[in-house]
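As provided, model-v4.csv (CSV, C-alpha atoms) reads as follows.
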chain,number,residue,atom,x,y,z
N,1,MET,CA,-126.5,17.3,-51.7
N,2,ALA,CA,-127.5,13.7,-51.6
N,3,ARG,CA,-125.7,11.4,-49.3
N,4,ALA,CA,-123.2,9.2,-51.1
N,5,LEU,CA,-121.4,6.1,-49.7
N,6,ILE,CA,-118.4,4.7,-51.5
N,7,HIS,CA,-116.6,1.6,-50.2
N,8,MET,CA,-113.2,0.8,-51.7
N,9,PRO,CA,-109.8,-0.2,-50.2
N,10,PRO,CA,-107.5,2.8,-49.4
N,11,THR,CA,-104.5,0.9,-50.8
N,12,ALA,CA,-103.9,-1.7,-53.5
N,13,ARG,CA,-101.1,-3.5,-55.2
N,14,ARG,CA,-100.3,-2.4,-58.8
N,15,GLY,CA,-102.1,-4.6,-61.4
N,16,GLU,CA,-104.6,-5.8,-58.8
N,17,ALA,CA,-108.4,-5.5,-59.5
N,18,PHE,CA,-110.2,-4.1,-56.5
N,19,GLU,CA,-113.9,-3.7,-55.9
N,20,ILE,CA,-115.7,-0.4,-55.6
N,21,ARG,CA,-119.2,-0.2,-54.2
N,22,ALA,CA,-121.0,3.1,-54.7
N,23,LEU,CA,-124.4,4.1,-53.3
N,24,ILE,CA,-126.2,7.4,-53.4
N,25,GLY,CA,-129.4,8.5,-51.7
N,26,HIS,CA,-132.0,9.2,-54.5
N,27,PRO,CA,-135.7,8.3,-54.9
N,28,MET,CA,-135.4,7.2,-58.5
N,29,GLU,CA,-139.0,8.2,-59.1
N,30,THR,CA,-140.2,6.3,-62.1
N,31,GLY,CA,-142.8,8.6,-63.5
N,32,TYR,CA,-145.3,5.8,-63.4
N,33,ARG,CA,-146.5,6.1,-59.8
N,34,VAL,CA,-149.5,8.1,-58.7
N,35,GLY,CA,-149.2,10.5,-55.8
N,36,PRO,CA,-151.7,11.1,-52.9
N,37,ASP,CA,-153.4,13.8,-55.0
N,38,GLY,CA,-154.1,11.4,-57.8
N,39,LYS,CA,-151.6,13.0,-60.2
N,40,VAL,CA,-148.8,11.0,-61.8
N,41,LEU,CA,-145.5,11.8,-60.0
N,42,GLU,CA,-143.0,13.4,-62.4
N,43,ARG,CA,-140.0,11.2,-63.4
N,44,ASP,CA,-136.9,12.0,-61.4
N,45,ILE,CA,-134.1,9.5,-61.9
N,46,ILE,CA,-130.3,9.3,-62.2
N,47,ARG,CA,-129.5,8.7,-65.8
N,48,ARG,CA,-125.7,8.3,-65.8
N,49,PHE,CA,-122.9,7.2,-63.4
N,50,THR,CA,-119.3,7.6,-64.3
N,51,CYS,CA,-116.1,6.6,-62.5
N,52,ARG,CA,-112.9,8.4,-63.5
N,53,TYR,CA,-109.4,7.1,-62.3
N,54,ASN,CA,-107.0,10.1,-62.5
N,55,GLY,CA,-109.3,11.7,-65.1
N,56,GLU,CA,-109.7,8.7,-67.3
N,57,VAL,CA,-113.1,7.0,-67.5
N,58,VAL,CA,-112.8,3.4,-66.3
N,59,PHE,CA,-116.4,2.5,-65.8
N,60,ALA,CA,-119.8,4.1,-66.7
N,61,ALA,CA,-123.4,3.1,-66.4
N,62,GLU,CA,-126.6,4.2,-68.1
N,63,LEU,CA,-129.5,3.8,-65.6
N,64,HIS,CA,-133.2,3.4,-66.3
N,65,GLN,CA,-136.4,3.5,-64.1
N,66,ALA,CA,-135.9,-0.2,-63.3
N,67,ILE,CA,-132.9,0.6,-61.0
N,68,ALA,CA,-134.1,0.6,-57.4
N,69,ALA,CA,-134.2,3.7,-55.2
N,70,ASN,CA,-130.8,4.7,-53.8
N,71,PRO,CA,-128.9,3.3,-56.7
N,72,TYR,CA,-126.2,0.8,-55.7
N,73,ILE,CA,-123.5,-0.2,-58.2
N,74,ALA,CA,-120.5,-2.4,-57.5
N,75,PHE,CA,-117.7,-3.0,-60.0
N,76,TYR,CA,-114.0,-3.6,-60.3
N,77,THR,CA,-111.1,-1.6,-61.6
N,78,LEU,CA,-107.3,-2.2,-62.0
N,79,ALA,CA,-104.9,-0.4,-59.7
N,80,THR,CA,-102.6,1.5,-61.9
N,81,ASP,CA,-101.2,4.5,-60.1
N,82,SER,CA,-101.8,6.4,-56.8
N,83,GLY,CA,-104.2,9.2,-57.2
N,84,THR,CA,-107.9,10.0,-57.1
N,85,LEU,CA,-111.0,8.3,-58.2
N,86,ALA,CA,-113.9,10.6,-59.0
N,87,PHE,CA,-117.5,9.3,-59.0
N,88,THR,CA,-120.2,11.4,-60.8
N,89,TRP,CA,-123.9,10.9,-60.8
N,90,GLU,CA,-126.1,12.8,-63.3
N,91,GLY,CA,-129.8,12.8,-63.7
N,92,ASP,CA,-133.1,14.6,-64.3
N,93,HIS,CA,-133.7,18.2,-63.2
N,94,GLY,CA,-130.0,19.0,-63.5
N,95,PHE,CA,-129.0,16.5,-60.8
N,96,ALA,CA,-125.2,16.3,-60.7
N,97,GLN,CA,-122.9,15.2,-57.9
N,98,THR,CA,-119.3,14.2,-57.7
N,99,GLU,CA,-117.5,12.5,-54.9
N,100,THR,CA,-113.8,11.7,-54.8
N,101,MET,CA,-111.8,9.0,-53.0
N,102,PRO,CA,-108.0,8.7,-52.7
N,103,ILE,CA,-106.1,5.5,-53.6
N,104,THR,CA,-102.5,4.6,-52.8
N,105,VAL,CA,-100.9,2.0,-55.1
N,106,ALA,CA,-97.9,0.1,-53.9
N,107,GLY,CA,-95.5,-1.9,-55.9
Z,1,MET,CA,-183.2,2.6,-72.0
Z,2,THR,CA,-183.8,1.5,-68.4
Z,3,ALA,CA,-182.0,2.9,-65.3
Z,4,ILE,CA,-180.2,-0.4,-64.9
Z,5,ASP,CA,-178.8,-0.1,-68.4
Z,6,ARG,CA,-177.5,3.4,-67.7
Z,7,THR,CA,-175.8,2.3,-64.5
Z,8,ARG,CA,-174.2,-0.6,-66.4
Z,9,ARG,CA,-172.9,1.8,-69.0
Z,10,ARG,CA,-171.4,4.0,-66.4
Z,11,VAL,CA,-169.7,1.1,-64.6
Z,12,LEU,CA,-168.3,-0.2,-67.9
Z,13,ALA,CA,-167.0,3.3,-68.8
Z,14,GLY,CA,-165.4,3.6,-65.3
Z,15,LEU,CA,-163.7,0.2,-65.8
Z,16,GLY,CA,-162.3,1.3,-69.1
Z,17,ALA,CA,-160.8,4.4,-67.6
Z,18,LEU,CA,-159.2,2.4,-64.8
Z,19,ALA,CA,-157.6,0.1,-67.4
Z,20,LEU,CA,-156.1,3.2,-69.1
Z,21,LEU,CA,-154.5,4.4,-65.8
Z,22,ARG,CA,-152.2,1.4,-65.5
Z,23,PRO,CA,-148.9,2.0,-67.3
Z,24,ALA,CA,-148.5,-0.2,-70.4
Z,25,ALA,CA,-146.1,-3.1,-69.6
Z,26,ALA,CA,-143.3,-4.0,-72.0
Z,27,THR,CA,-143.8,-7.3,-73.8
Z,28,PRO,CA,-141.4,-10.1,-74.8
Z,29,GLU,CA,-141.5,-8.6,-78.3
Z,30,ALA,CA,-140.4,-5.2,-77.0
Z,31,MET,CA,-137.5,-6.9,-75.1
Z,32,ALA,CA,-136.4,-8.7,-78.3
Z,33,ALA,CA,-136.5,-5.4,-80.2
Z,34,ALA,CA,-134.5,-3.6,-77.4
Z,35,ILE,CA,-131.9,-6.4,-77.5
Z,36,LYS,CA,-131.7,-6.2,-81.3
Z,37,ALA,CA,-131.2,-2.4,-81.0
Z,38,PHE,CA,-128.3,-3.0,-78.5
Z,39,THR,CA,-126.6,-5.7,-80.7
Z,40,GLY,CA,-127.2,-4.0,-84.0
Z,41,GLY,CA,-129.3,-6.9,-85.3
Z,42,ALA,CA,-126.9,-9.7,-84.2
Z,43,VAL,CA,-128.4,-12.6,-82.2
Z,44,PRO,CA,-126.4,-13.0,-79.0
Z,45,ARG,CA,-125.1,-16.5,-78.3
Z,46,THR,CA,-125.8,-18.2,-74.9
Z,47,GLY,CA,-122.7,-18.6,-72.7
Z,48,LYS,CA,-119.8,-16.7,-71.2
Z,49,VAL,CA,-122.3,-14.4,-69.3
Z,50,ALA,CA,-123.7,-15.4,-65.9
Z,51,LEU,CA,-126.7,-13.5,-64.5
Z,52,ASP,CA,-126.9,-14.1,-60.8
Z,53,VAL,CA,-130.3,-13.3,-59.3
Z,54,SER,CA,-132.5,-15.0,-56.8
Z,55,LEU,CA,-135.1,-17.1,-58.5
Z,56,LEU,CA,-137.8,-16.3,-55.9
Z,57,VAL,CA,-137.9,-12.7,-54.9
Z,58,ASP,CA,-140.0,-11.4,-51.9
Z,59,ASN,CA,-139.8,-7.7,-52.7
Z,60,GLY,CA,-139.7,-6.5,-56.3
Z,61,ASN,CA,-138.7,-3.0,-55.1
Z,62,THR,CA,-135.1,-4.0,-54.6
Z,63,VAL,CA,-133.7,-7.1,-56.3
Z,64,PRO,CA,-130.0,-7.6,-56.1
Z,65,ILE,CA,-128.4,-8.9,-59.4
Z,66,THR,CA,-124.8,-9.7,-60.3
Z,67,ILE,CA,-123.5,-10.1,-63.9
Z,68,ARG,CA,-120.2,-11.9,-64.4
Z,69,VAL,CA,-118.6,-12.4,-67.8
Z,70,ASP,CA,-115.9,-15.0,-68.6
Z,71,SER,CA,-113.2,-12.8,-70.1
Z,72,PRO,CA,-109.4,-12.3,-69.5
Z,73,MET,CA,-110.1,-8.5,-69.6
Z,74,THR,CA,-106.9,-7.6,-71.6
Z,75,ALA,CA,-106.5,-4.8,-74.1
Z,76,GLY,CA,-107.1,-7.2,-76.9
Z,77,ASP,CA,-109.9,-9.3,-75.4
Z,78,HIS,CA,-112.3,-7.7,-73.0
Z,79,VAL,CA,-115.9,-6.9,-72.3
Z,80,ALA,CA,-116.9,-3.6,-73.8
Z,81,ALA,CA,-120.5,-3.3,-72.4
Z,82,ILE,CA,-123.1,-5.3,-70.4
Z,83,ALA,CA,-126.8,-4.5,-70.9
Z,84,VAL,CA,-129.7,-5.8,-68.8
Z,85,PHE,CA,-133.2,-6.1,-70.1
Z,86,ASN,CA,-136.6,-7.2,-68.6
Z,87,GLU,CA,-139.7,-8.5,-70.1
Z,88,ARG,CA,-142.7,-7.0,-68.2
Z,89,ASN,CA,-141.7,-3.7,-66.4
Z,90,PRO,CA,-143.2,-0.6,-68.0
Z,91,GLU,CA,-139.9,-0.2,-69.8
Z,92,THR,CA,-137.5,-2.9,-71.1
Z,93,GLY,CA,-134.2,-1.3,-70.4
Z,94,VAL,CA,-132.7,-1.7,-66.9
Z,95,ALA,CA,-129.1,-0.6,-67.3
Z,96,VAL,CA,-126.1,-0.5,-69.7
Z,97,PHE,CA,-122.7,-0.8,-68.1
Z,98,THR,CA,-119.6,0.4,-70.0
Z,99,LEU,CA,-116.4,-1.5,-69.2
Z,100,GLY,CA,-112.9,-1.8,-70.6
Z,101,PRO,CA,-109.6,-3.4,-70.1
Z,102,ARG,CA,-109.1,-1.1,-67.0
Z,103,ALA,CA,-111.9,-3.0,-65.2
Z,104,GLY,CA,-109.6,-5.9,-64.5
Z,105,LYS,CA,-112.6,-8.2,-63.7
Z,106,ALA,CA,-115.9,-8.3,-65.6
Z,107,GLU,CA,-118.3,-8.3,-62.7
Z,108,VAL,CA,-121.0,-5.8,-62.0
Z,109,SER,CA,-123.7,-5.8,-59.2
Z,110,THR,CA,-126.7,-3.5,-58.7
Z,111,ARG,CA,-130.2,-3.6,-57.3
Z,112,ILE,CA,-133.2,-3.4,-59.6
Z,113,ARG,CA,-137.0,-3.1,-59.6
Z,114,MET,CA,-139.3,-5.8,-60.9
Z,115,ALA,CA,-143.0,-5.1,-61.6
Z,116,THR,CA,-144.0,-8.7,-61.8
Z,117,SER,CA,-142.6,-12.3,-62.3
Z,118,GLN,CA,-140.7,-12.2,-65.5
Z,119,LYS,CA,-137.6,-13.0,-67.5
Z,120,LEU,CA,-134.4,-11.0,-67.2
Z,121,VAL,CA,-131.7,-11.1,-69.8
Z,122,ALA,CA,-128.1,-9.9,-69.6
Z,123,VAL,CA,-126.2,-9.3,-72.9
Z,124,ALA,CA,-122.5,-8.7,-73.0
Z,125,ARG,CA,-120.7,-7.0,-76.0
Z,126,MET,CA,-117.1,-8.2,-76.3
Z,127,SER,CA,-114.2,-6.2,-77.8
Z,128,ASP,CA,-114.2,-8.5,-80.9
Z,129,GLY,CA,-117.9,-7.4,-81.5
Z,130,SER,CA,-119.5,-10.7,-80.5
Z,131,PHE,CA,-122.5,-10.8,-78.2
Z,132,TRP,CA,-123.2,-13.3,-75.4
Z,133,GLN,CA,-126.3,-13.6,-73.2
Z,134,HIS,CA,-127.8,-15.3,-70.2
Z,135,SER,CA,-131.4,-15.1,-69.0
Z,136,ALA,CA,-133.1,-15.9,-65.8
Z,137,GLU,CA,-136.8,-16.5,-64.9
Z,138,VAL,CA,-137.6,-14.7,-61.7
Z,139,VAL,CA,-140.8,-15.1,-59.6
Z,140,VAL,CA,-141.8,-12.0,-57.7
Z,141,THR,CA,-144.2,-12.2,-54.8
Z,142,LEU,CA,-144.5,-8.4,-53.9
Z,143,ALA,CA,-144.3,-6.3,-57.0
Z,144,ALA,CA,-142.6,-2.9,-57.4
Z,145,CYS,CA,-144.5,0.1,-58.8
Z,146,ILE,CA,-148.1,-0.9,-57.8
Z,147,GLU,CA,-147.8,-1.2,-54.1
Z,148,GLY,CA,-147.1,2.4,-53.4
Z,149,GLU,CA,-144.1,3.7,-51.4
Z,150,PRO,CA,-141.1,1.4,-51.4
In structure tokens, write the structure found in this file.
Amino acid sequence: MARALIHMPPTARRGEAFEIRALIGHPMETGYRVGPDGKVLERDIIRRFTCRYNGEVVFAAELHQAIAANPYIAFYTLATDSGTLAFTWEGDHGFAQTETMPITVAG
Amino acid sequence: MTAIDRTRRRVLAGLGALALLRPAAATPEAMAAAIKAFTGGAVPRTGKVALDVSLLVDNGNTVPITIRVDSPMTAGDHVAAIAVFNERNPETGVAVFTLGPRAGKAEVSTRIRMATSQKLVAVARMSDGSFWQHSAEVVVTLAACIEGEP
């Protein structure tokens, strides 16, 4: 399991847009670099990031080699109901990881 | 053929092989084609989108960028997607972000790699099917990809 860091407020007011910052430890190997043995290192990147709010997709990203190592993505979402946000990263060689964060919505 | 001639040929052949090892860089034409593929042939208008990136970058391995789009983000009028393209990395695509009215605010940040000084373009697709863009010329002093381990 790669280490993932997600920053978001634990509570929000209904109808308020709050920021989510998500980072995951991953080399994002481009497939263009040459290793110490002179061979080209195989591509190993995260292709897709998805954020689901109580099961509904609210944000998604398609990533390419030009995204820096340890991909960091910050975005906003509207607070609708209390529940869970699930963050999924999917990539080469069957990489898949999901993290969840609770949110309490007041008002 | 003299010995010097043979050496010269070997050196030239070696140089040719070295040139082949470098990954082919994308070109402004490739970027225009990639943008066209994203917009379905439409030419994006300039405006609404703001691509926020430092104009002088010390380290191309991690370049923070922020894209903001001027939109009320309602069900009837929102940003559907934001795509970022570059001109001179080995590949033109950087990322495609999918947004909707649930985003509340059309602002996305990430960190990217830049192989050399080049132009970046952010294109936004609105819910009404229109496309808007903003570009930035960025100077990179330490390039990503060729300087080994990040």
Only residues of chain N matter here; which ones have an atom within 12 Å of chain Z, counting only C-alpha atoms? Give them as a PyMOL selection string. chain N and resi 14-23+27-36+38-41+46-53+56-81
message: List as a list in words the protein and nucleic acid residues near Gly83 (chain N), meaning an atom at most 9 Å away when only C-alpha atoms are counted, but skip any in the same chain fewer than 2 places from it.
response: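 Once the nearby chain positions are removed, what remains is Tyr53, Asn54, Asp81, Leu85, Met101, Pro102, Ile103, Thr104 and Val105 of chain N.
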Check: Distance CA of Gln118 (chain Z)-CA of Thr39 (chain Z), one decimal place?
Finding: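 Going from CA of Gln118 (chain Z) over to CA of Thr39 (chain Z), I get 21.7 Å.
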A straight line from CA of Ser135 (chain Z) to CA of Ser71 (chain Z) spans 18.4 Å
Surrounding residues of Glu87 (chain Z) excluding itself and chain neighbours under 6 positions, 7 Å, all atoms listed in the file, as a PDB file with C-alpha atoms, in the frame of the given file:
ATOM      1  CA  ALA Z  26    -143.300  -4.000 -72.000  1.00  0.00           C
ATOM      2  CA  THR Z  27    -143.800  -7.300 -73.800  1.00  0.00           C
ATOM      3  CA  PRO Z  28    -141.400 -10.100 -74.800  1.00  0.00           C
ATOM      4  CA  MET Z  31    -137.500  -6.900 -75.100  1.00  0.00           C
ATOM      5  CA  GLN Z 118    -140.700 -12.200 -65.500  1.00  0.00           C
ATOM      6  CA  LYS Z 119    -137.600 -13.000 -67.500  1.00  0.00           C
ATOM      7  CA  LEU Z 120    -134.400 -11.000 -67.200  1.00  0.00           C
TER       8      LEU Z 120
END
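Pairwise distance (CA of Arg68 (chain Z), CA of Ala25 (chain Z)) equals 27.8 Å.
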* **Residue with smallest distance to Ile45 (chain N) - pool N:Phe87, N:Ala4, N:Ala96, N:His26, counting only C-alpha atoms** =>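 Closest residue, counting only C-alpha atoms: N:His26.
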Report task. Considering all atoms listed in the file, return as a ChimeraX atom specification whatever protein or nucleic-acid residues lie within 6 Å of Asp92 (chain N), sequence-local ones (same chain, fewer than 2 positions apart) excluded. Result -> /N:44-45,94-95
